[in-house]
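**Q** What follows is a single structure, and I will ask about it in a moment.
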Amino acid sequence: MSNTSSISYAFFGTGALAESVLASLVRNGYPPALVVTKPDAPQGRHMTLTPPHIKVWAELQGIPVYQPESLRELPDTSPLHTQQFDVFIVASYGKIIPEKLLAIPKHGTLNVHPSLLPLYRGASPIESVLLDGHMTTGVTIMKLDEEVDHGPILIQNAFMIDANATAGTLEVACGQLGGDLLSNVLESYIAKNLIPKEQDHTKATYCKKIEKSMGEISLTESADVVRRKFRAFTPWPSLYFFYPHHGTTIRVKITGVDLTSYTLGDATVQDIILTVIPEGKKEISWEDFKRGYMN
């Protein structure tokens, strides 16, 4: 699309999915009038106050950025109230958007959800589809309502998951597809030529929030289960195990796993680990770890 659209929208998002969605929208001629993202946050060993990547990108493009701590009690002077928007677009924003805000734009609020709704409603659709070992997933464009991932659907597309995909790479792929899907339907939706279709709520499934502790495994777990976990928990929270060493217990991070070689049904994680990082050390091969720590 060579021309820039006249549709005015505020984009809510933080993280890789949001970045990919927005990049695709802009590439297709749909730049936002405003980007709403989380506040700058301390990061790294020195806890340096760091802006979200999407803020840095937007400011380089000359796009205004708004970073409220919460959306629950916004002042009437906020840009969400003082500017005129046709629609809001949300992609992994990470904060609750009150119902009164959803209705501010003339055509409501649209959401990019990285699953084939009503499947995998909730906080971790990408990780959960990998944990469950599915070969396909998809992206849904829906209209937000007051319930989580419950609103009517504008469009959704399925695709095959790459055999080596992790949550990190799959998130980017879903974002790119989501931005393209939005670009294809925005004009029709605004013109009321596309009527969202109610979800079949009887088929809804749900996924829970990923916790850091979920990355812990034992060295007796099956190769198939650990492959799923490695893909789902890369880049975060990553896989690790605890191992006794010189009278103490060290934490060992698993950084590489053979995702594709055929393994027998009784194979364990020890048959597929490639590289690890022992606590306080640099990355080493699994063979070196066994020689240095397990003998």
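By order in the structure tokens, chains are A, B, ...; within a chain, residues start at 1; ligands start at 1, following the order shown.
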Can you tell me, as a VMD selection string, what residues are no more than 10 Å from Leu101 of chain A when counting only C-alpha atoms, ignoring any on the same chain fewer than 6 positions away?
**A** chain A and resid 71 to 72 74 80 to 81 88 108 to 109
**Q** Run DSSP on the backbone and give me the residues of segment 16-251 of chain A it puts in strand (DSSP E or B), as a ChimeraX atom specification.
**A** /A:34-36,41-43,48-50,65-66,87-91,109-113,121-122,136-143,153-160,197,206-207,216,222,239-245,248-251
**Q** Atoms to include: C-alpha atoms. Write the selected residues as a compact mmCIF listing (two decimals), in the first residue's frame.
**A**
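Listed below is the output, result_35.txt:
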# COMPACT_ATOMS: atom_id res chain seq x y z
CA LEU A 34 -0.45 7.85 19.31
CA VAL A 35 1.47 4.97 20.91
CA VAL A 36 0.46 3.97 24.45
CA ALA A 41 11.42 0.48 33.88
CA PRO A 42 14.70 -0.43 35.65
CA GLN A 43 16.64 -3.11 33.76
CA THR A 48 19.10 1.49 34.70
CA LEU A 49 15.81 3.19 33.85
CA THR A 50 15.13 1.94 30.31
CA VAL A 65 4.05 8.38 23.10
CA TYR A 66 1.90 8.17 26.25
CA VAL A 87 -10.32 3.11 16.71
CA PHE A 88 -7.94 1.81 19.37
CA ILE A 89 -5.67 -1.16 18.53
CA VAL A 90 -4.24 -3.34 21.32
CA ALA A 91 -1.43 -5.92 21.07
CA THR A 109 -11.20 -1.18 20.28
CA LEU A 110 -9.58 -4.01 18.30
CA ASN A 111 -7.17 -6.58 19.67
CA VAL A 112 -4.50 -8.80 18.10
CA HIS A 113 -4.54 -12.17 19.90
CA ARG A 121 -7.75 -17.34 25.87
CA GLY A 122 -5.57 -15.74 28.50
CA THR A 136 -0.35 -25.20 14.03
CA THR A 137 -1.53 -21.98 15.62
CA GLY A 138 -2.89 -18.69 14.33
CA VAL A 139 -3.78 -15.07 14.94
CA THR A 140 -7.19 -13.55 15.65
CA ILE A 141 -8.31 -9.94 15.18
CA MET A 142 -11.21 -9.32 17.54
CA LYS A 143 -13.23 -6.48 19.02
CA ILE A 153 -13.97 -11.89 15.67
CA LEU A 154 -13.20 -9.85 12.54
CA ILE A 155 -10.74 -12.27 10.95
CA GLN A 156 -8.33 -15.07 11.88
CA ASN A 157 -5.68 -17.06 10.03
CA ALA A 158 -3.94 -20.33 10.88
CA PHE A 159 -0.38 -21.32 10.00
CA MET A 160 2.11 -24.14 10.56
CA LYS A 197 -18.79 -12.58 14.39
CA TYR A 206 -7.78 -21.03 28.73
CA CYS A 207 -4.08 -20.67 29.48
CA GLU A 216 12.78 -25.81 36.48
CA SER A 222 11.33 -37.21 28.93
CA LEU A 239 15.05 -24.01 31.41
CA TYR A 240 17.27 -24.88 34.34
CA PHE A 241 17.99 -27.64 36.83
CA PHE A 242 19.75 -27.87 40.18
CA TYR A 243 22.76 -30.14 40.61
CA PRO A 244 24.89 -31.08 43.67
CA HIS A 245 28.50 -29.97 43.35
CA THR A 248 26.53 -27.32 47.57
CA THR A 249 23.78 -27.15 44.94
CA ILE A 250 24.28 -25.13 41.76
CA ARG A 251 21.76 -23.84 39.28
**Q** With only C-alpha atoms as the basis for distance, which of A:Gln176, A:Ser92, A:Thr268, A:Thr169 is at the shortest distance from Gly15 of chain A?
**A**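 The shortest atom-to-atom distance to Gly15 of chain A comes from A:Ser92.
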**Q** Using only C-alpha atoms, which residues sit within 8 Å of segment 274-281 of chain A once same-chain residues fewer than 2 positions away are excluded, as a ChimeraX atom specification?
**A** /A:250-258,272,283-286,289
**Q** Could you state the separation of atom CA of Lys192 of chain A and atom CA of Tyr120 of chain A in Å, given to one decimal place?
**A** 28.0 Å
**Q** Could you produce a table of the residues of segment 170-268 of chain A lying within 8 Å of segment 21-33 of chain A, with the nearest pair of atoms per residue and their separation in Å rounded to one decimal, using only C-alpha atoms, ordered by chain and increasing residue number, as CSV?
**A**
residue,atom,partner,partner_atom,distance
A:Gly175,CA,A:Val21,CA,4.5
A:Gln176,CA,A:Val21,CA,5.4
A:Leu177,CA,A:Val21,CA,7.5
A:Gly178,CA,A:Val21,CA,5.8
A:Gly179,CA,A:Val21,CA,4.2
A:Asp180,CA,A:Ser24,CA,6.0
A:Leu182,CA,A:Leu25,CA,7.3
A:Ser183,CA,A:Leu25,CA,6.0
**Q** Which of these, A:Leu259, A:Leu130, A:Met214, A:Val148, has the shortest distance to Leu117 of chain A once you count only C-alpha atoms?
**A**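 Distance minimum relative to Leu117 of chain A lands on A:Val148.
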**Q** For segment 111-210 of chain A against segment 3-14 of chain A, with a cut-off of 9 Å and counting only C-alpha atoms, what is the closest atom pair and its distance in Å to one decimal for every residue that makes the cut, ordered by chain and number, as CSV?
**A**
residue,atom,partner,partner_atom,distance
A:Leu186,CA,A:Ile7,CA,8.5
A:Glu187,CA,A:Ile7,CA,8.1
A:Ile190,CA,A:Ile7,CA,8.4
**Q** Please dump the current selection as a PDB file, in the first residue's frame; keep N, CA and C atoms.
**A**
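Output (result_14.pdb):
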ATOM      1  N   LEU A 186      -8.979  -3.223   8.180  1.00  0.00           N
ATOM      2  CA  LEU A 186      -9.296  -1.965   8.860  1.00  0.00           C
ATOM      3  C   LEU A 186     -10.278  -1.097   8.075  1.00  0.00           C
ATOM      4  N   GLU A 187     -10.006  -0.922   6.789  1.00  0.00           N
ATOM      5  CA  GLU A 187     -10.875  -0.050   5.976  1.00  0.00           C
ATOM      6  C   GLU A 187     -12.305  -0.582   5.947  1.00  0.00           C
ATOM      7  N   ILE A 190     -13.978  -0.086   9.435  1.00  0.00           N
ATOM      8  CA  ILE A 190     -14.362   1.305   9.689  1.00  0.00           C
ATOM      9  C   ILE A 190     -15.572   1.694   8.835  1.00  0.00           C
TER      10      ILE A 190
END
**Q** I'd like to know which residues of segment 226-261 of chain A are alpha helix (DSSP H) (by DSSP, run on the backbone); could you write them as a PyMOL selection string?
**A** chain A and resi 226-232
**Q** For each of A:His107, A:Lys203, A:Lys229, A:His46, take the minimum atom-to-atom distance to Ile217 of chain A, counting only C-alpha atoms, then give the residue where this is smallest.
**A**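 Going through A:His107, A:Lys203, A:Lys229, A:His46 one by one, the smallest distance to Ile217 of chain A is for A:Lys229.
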